[in-house]
Amino acid sequence: MNDMLEGIDVSDVQGFPKWDKVKASGVEYAFCKATEGETYITKRFSYNWKGIKDAGLVRGAYHFARTANDPVKEVKNFIKTVGVLDTEDMLVLDIEDGKNVLSPPQFINWVLTFLQTVEQETNVIPIVYTGGPYFDESGGSKNNKGDWYPDGEVVEKLNKYPLWLAAYSKTPDKYVPYVWKSKGWTMWQRSGDVAAKGDKVLYVPGINVVVDRNQYKGTLENFRNFASSLHLKESERITVIPTMPIDLDLQTDHAVIESPIDVLPAPKNKFVEFFHKIFGIK
């Protein structure tokens with residue numbers, strides 16, 4: 001895992017980073033939380049979005065999904081908040097909703113609807129941030145013939161969107177979700193507020209608390225080319241949105257949480273519980 005390009009991601013939890021100091025520490029790119037659900041906007045998004053650019057870092061914005069909502073409405077909140085994009089700006093769907101109650105087909109359709117709507121509205125291919133245990137449990141199952149869902153056609157539609165893999169492990173490849181097995185991960189979140197055994201959580205100058213550590217396989221030039229490649233030419237724009245209906249009425253008994261996930265206690269977050277169980281973190 002040598003020759004990795006170092007990056008971080010932040011939310012309101014990290015306060016007001018001094019982005020010039022972050023850049024000077026060797027960090028080359030940063031993602032910041034923009035929105036969550038249909039209405040929530042991260043309080044420090046504007047500060048971070050501008051600060052990352054002014055410091056000369058490659059930047060990306062992420063949206064935390066709440067699958068009890070209409071994915072199209074969540075997209076509208078996200079892209080309206082981020083606004084006009086520069087040619088290397090990246091957009092990310094953060095899919096780790098511990099309150100998800102959708103069936104695997106409904107979950108897959110929710111994710112695909114969000115991704116394709118972002119692509120259609122912005123002409124930018126979004127990135128998917130998730131972890132293998134969570135995504136496979138939420139969006140995959142075997143039928144009575146032993147065949148895996150989603151099928152090949154759905155997999156092909158999904159894995160065109162690059163994977164940002166959350167795996168607090170020194171062997172991340174084995175935690176790639178089924179959908180991306182043939183392509184692997186593009187970025188790897190190596191640690192967060194916890195780290196794999198023998199690894200360490202990350203502190204960087206300019207931020208007073210632990211920050212998520214991310215790595216990219218390649219050089220800064222490679223990464224900039226990757227980021228700009230997500231911006232499609234007009235002739236490449238998609239026009240078709242998935243037609244599989246999502247029965248949101250199934251979720252009327254479940255509250256929609258609009259408060260930021262970052263401040264929720266870890267034991268209530270199913271995604272975090274997966275990490276603790278699978279990677280032996282206590």
# chains A, B, ... in the order shown; residues from 1 in each chain; ligands from 1
call {"tool": "residues_around", "arguments": {"residues": "A:Lys99", "least_positions_apart": "2", "cutoff": "8 Å", "atoms": "only C-alpha atoms", "output": "PyMOL selection string"}}
result
chain A and resi 66-67+97+101+270
call {"tool": "residues_around", "arguments": {"residues": "A:Leu220", "least_positions_apart": "4", "cutoff": "9 Å", "atoms": "only C-alpha atoms", "output": "compact mmCIF listing (two decimals) with N, CA and C atoms, in the first residue's frame"}}
result
# COMPACT_ATOMS: atom_id res chain seq x y z
N LEU A 5 -1.81 8.53 -2.13
CA LEU A 5 -2.03 9.96 -1.99
C LEU A 5 -2.95 10.18 -0.80
N GLU A 28 -3.46 16.28 0.34
CA GLU A 28 -3.61 16.78 -1.03
C GLU A 28 -5.06 16.99 -1.45
N TYR A 29 -5.99 16.38 -0.76
CA TYR A 29 -7.39 16.54 -1.12
C TYR A 29 -8.25 16.40 0.13
N ARG A 224 -6.04 14.33 -9.85
CA ARG A 224 -6.68 15.48 -10.52
C ARG A 224 -7.33 15.04 -11.82
N ASN A 225 -6.67 14.16 -12.55
CA ASN A 225 -7.25 13.65 -13.80
C ASN A 225 -8.51 12.84 -13.51
call {"tool": "select_by_dssp", "arguments": {"residues": "stretch 73-229 of chain A", "states": "alpha helix (DSSP H)", "output": "PyMOL selection string"}}
result
chain A and resi 73-82+104-122+132-139+152-158+220-229
call {"tool": "residues_around", "arguments": {"residues": "A:Leu232", "least_positions_apart": "6", "cutoff": "8 Å", "atoms": "only C-alpha atoms", "output": "number ranges by chain"}}
result
A: 123-125
call {"tool": "write_last_selection", "arguments": {"atoms": "N, CA and C atoms", "output": "mmCIF file, in the first residue's frame"}}
result
data_model
loop_
_atom_site.group_PDB
_atom_site.id
_atom_site.type_symbol
_atom_site.label_atom_id
_atom_site.label_comp_id
_atom_site.auth_asym_id
_atom_site.auth_seq_id
_atom_site.Cartn_x
_atom_site.Cartn_y
_atom_site.Cartn_z
ATOM 1 N N ASN A 123 -24.298 16.780 -14.511
ATOM 2 C CA ASN A 123 -23.365 16.280 -15.522
ATOM 3 C C ASN A 123 -22.042 15.831 -14.893
ATOM 4 N N VAL A 124 -22.116 15.430 -13.631
ATOM 5 C CA VAL A 124 -20.949 14.922 -12.903
ATOM 6 C C VAL A 124 -21.282 13.537 -12.377
ATOM 7 N N ILE A 125 -20.375 12.594 -12.597
ATOM 8 C CA ILE A 125 -20.544 11.247 -12.062
ATOM 9 C C ILE A 125 -20.215 11.278 -10.573
#
call {"tool": "closest_residue", "arguments": {"among": "A:Val13, A:Ser138, A:Gly60, A:Pro133", "to": "A:Lys174", "atoms": "only C-alpha atoms"}}
result
A:Pro133
call {"tool": "residues_around", "arguments": {"residues": "A:Val27", "least_positions_apart": "5", "cutoff": "12 Å", "atoms": "only C-alpha atoms", "output": "list in words"}}
result
Met4, Leu5, Glu6, Gly7, Ile8, Asp9, Trp19, Asp20, Lys21, Val22, Ile52, Ala55, Gly56, Leu57, Val58, Arg59, Leu202, Tyr203, Val204, Pro205, Gly206, Val211, Asp212, Arg213, Asn214, Gln215, Tyr216 and Leu220 of chain A
call {"tool": "write_last_selection", "arguments": {"atoms": "N, CA and C atoms", "output": "PDB file, in the first residue's frame"}}
result
ATOM      1  N   MET A   4       0.645   5.997  -1.841  1.00  0.00           N
ATOM      2  CA  MET A   4      -0.733   6.422  -1.684  1.00  0.00           C
ATOM      3  C   MET A   4      -0.795   7.934  -1.515  1.00  0.00           C
ATOM      4  N   LEU A   5      -1.806   8.528  -2.128  1.00  0.00           N
ATOM      5  CA  LEU A   5      -2.033   9.957  -1.988  1.00  0.00           C
ATOM      6  C   LEU A   5      -2.951  10.183  -0.796  1.00  0.00           C
ATOM      7  N   GLU A   6      -2.516  11.052   0.123  1.00  0.00           N
ATOM      8  CA  GLU A   6      -3.227  11.233   1.382  1.00  0.00           C
ATOM      9  C   GLU A   6      -4.298  12.318   1.280  1.00  0.00           C
ATOM     10  N   GLY A   7      -5.467  12.024   1.867  1.00  0.00           N
ATOM     11  CA  GLY A   7      -6.549  12.991   1.928  1.00  0.00           C
ATOM     12  C   GLY A   7      -7.351  12.811   3.202  1.00  0.00           C
ATOM     13  N   ILE A   8      -8.271  13.725   3.456  1.00  0.00           N
ATOM     14  CA  ILE A   8      -9.108  13.647   4.651  1.00  0.00           C
ATOM     15  C   ILE A   8     -10.548  13.985   4.287  1.00  0.00           C
ATOM     16  N   ASP A   9     -11.458  13.718   5.219  1.00  0.00           N
ATOM     17  CA  ASP A   9     -12.820  14.232   5.087  1.00  0.00           C
ATOM     18  C   ASP A   9     -13.275  14.770   6.430  1.00  0.00           C
ATOM     19  N   TRP A  19      -7.119  25.475   6.921  1.00  0.00           N
ATOM     20  CA  TRP A  19      -6.848  24.681   5.728  1.00  0.00           C
ATOM     21  C   TRP A  19      -5.441  24.896   5.172  1.00  0.00           C
ATOM     22  N   ASP A  20      -4.850  26.061   5.398  1.00  0.00           N
ATOM     23  CA  ASP A  20      -3.480  26.270   4.944  1.00  0.00           C
ATOM     24  C   ASP A  20      -2.513  25.355   5.685  1.00  0.00           C
ATOM     25  N   LYS A  21      -2.763  25.152   6.988  1.00  0.00           N
ATOM     26  CA  LYS A  21      -1.921  24.243   7.767  1.00  0.00           C
ATOM     27  C   LYS A  21      -2.168  22.787   7.366  1.00  0.00           C
ATOM     28  N   VAL A  22      -3.420  22.464   7.065  1.00  0.00           N
ATOM     29  CA  VAL A  22      -3.737  21.104   6.597  1.00  0.00           C
ATOM     30  C   VAL A  22      -2.968  20.808   5.313  1.00  0.00           C
ATOM     31  N   ILE A  52     -11.074  24.857   1.535  1.00  0.00           N
ATOM     32  CA  ILE A  52     -10.357  23.780   0.845  1.00  0.00           C
ATOM     33  C   ILE A  52      -9.819  24.273  -0.491  1.00  0.00           C
ATOM     34  N   ALA A  55      -6.938  26.855  -0.162  1.00  0.00           N
ATOM     35  CA  ALA A  55      -5.670  26.250   0.261  1.00  0.00           C
ATOM     36  C   ALA A  55      -4.989  25.482  -0.870  1.00  0.00           C
ATOM     37  N   GLY A  56      -5.681  25.297  -1.988  1.00  0.00           N
ATOM     38  CA  GLY A  56      -5.087  24.597  -3.120  1.00  0.00           C
ATOM     39  C   GLY A  56      -5.264  23.096  -3.091  1.00  0.00           C
ATOM     40  N   LEU A  57      -6.206  22.620  -2.283  1.00  0.00           N
ATOM     41  CA  LEU A  57      -6.502  21.189  -2.223  1.00  0.00           C
ATOM     42  C   LEU A  57      -7.570  20.835  -3.252  1.00  0.00           C
ATOM     43  N   VAL A  58      -7.524  19.633  -3.763  1.00  0.00           N
ATOM     44  CA  VAL A  58      -8.628  19.120  -4.572  1.00  0.00           C
ATOM     45  C   VAL A  58      -9.784  18.857  -3.610  1.00  0.00           C
ATOM     46  N   ARG A  59     -10.997  19.215  -4.011  1.00  0.00           N
ATOM     47  CA  ARG A  59     -12.093  19.148  -3.047  1.00  0.00           C
ATOM     48  C   ARG A  59     -13.279  18.321  -3.537  1.00  0.00           C
ATOM     49  N   LEU A 202      -5.891   9.418  12.812  1.00  0.00           N
ATOM     50  CA  LEU A 202      -5.121  10.501  12.214  1.00  0.00           C
ATOM     51  C   LEU A 202      -5.410  11.848  12.881  1.00  0.00           C
ATOM     52  N   TYR A 203      -4.331  12.528  13.211  1.00  0.00           N
ATOM     53  CA  TYR A 203      -4.392  13.933  13.596  1.00  0.00           C
ATOM     54  C   TYR A 203      -3.547  14.705  12.593  1.00  0.00           C
ATOM     55  N   VAL A 204      -4.031  15.865  12.154  1.00  0.00           N
ATOM     56  CA  VAL A 204      -3.249  16.685  11.238  1.00  0.00           C
ATOM     57  C   VAL A 204      -3.174  18.108  11.777  1.00  0.00           C
ATOM     58  N   PRO A 205      -2.105  18.813  11.501  1.00  0.00           N
ATOM     59  CA  PRO A 205      -2.013  20.216  11.903  1.00  0.00           C
ATOM     60  C   PRO A 205      -3.167  21.021  11.306  1.00  0.00           C
ATOM     61  N   GLY A 206      -3.715  21.917  12.114  1.00  0.00           N
ATOM     62  CA  GLY A 206      -4.816  22.749  11.650  1.00  0.00           C
ATOM     63  C   GLY A 206      -6.185  22.240  12.045  1.00  0.00           C
ATOM     64  N   VAL A 211      -9.387  13.062  12.652  1.00  0.00           N
ATOM     65  CA  VAL A 211     -10.004  13.272  11.349  1.00  0.00           C
ATOM     66  C   VAL A 211      -9.889  11.982  10.531  1.00  0.00           C
ATOM     67  N   ASP A 212     -10.859  11.739   9.659  1.00  0.00           N
ATOM     68  CA  ASP A 212     -10.845  10.538   8.824  1.00  0.00           C
ATOM     69  C   ASP A 212      -9.676  10.584   7.833  1.00  0.00           C
ATOM     70  N   ARG A 213      -8.977   9.464   7.720  1.00  0.00           N
ATOM     71  CA  ARG A 213      -7.834   9.355   6.814  1.00  0.00           C
ATOM     72  C   ARG A 213      -8.243   8.605   5.559  1.00  0.00           C
ATOM     73  N   ASN A 214      -7.932   9.180   4.412  1.00  0.00           N
ATOM     74  CA  ASN A 214      -8.267   8.561   3.128  1.00  0.00           C
ATOM     75  C   ASN A 214      -7.034   8.448   2.250  1.00  0.00           C
ATOM     76  N   GLN A 215      -7.018   7.416   1.418  1.00  0.00           N
ATOM     77  CA  GLN A 215      -5.890   7.201   0.517  1.00  0.00           C
ATOM     78  C   GLN A 215      -6.382   6.868  -0.885  1.00  0.00           C
ATOM     79  N   TYR A 216      -5.577   7.322  -1.861  1.00  0.00           N
ATOM     80  CA  TYR A 216      -5.873   7.095  -3.278  1.00  0.00           C
ATOM     81  C   TYR A 216      -4.656   6.442  -3.913  1.00  0.00           C
ATOM     82  N   LEU A 220      -0.737  12.787  -7.398  1.00  0.00           N
ATOM     83  CA  LEU A 220      -1.638  13.942  -7.393  1.00  0.00           C
ATOM     84  C   LEU A 220      -2.147  14.225  -8.800  1.00  0.00           C
TER      85      LEU A 220
END
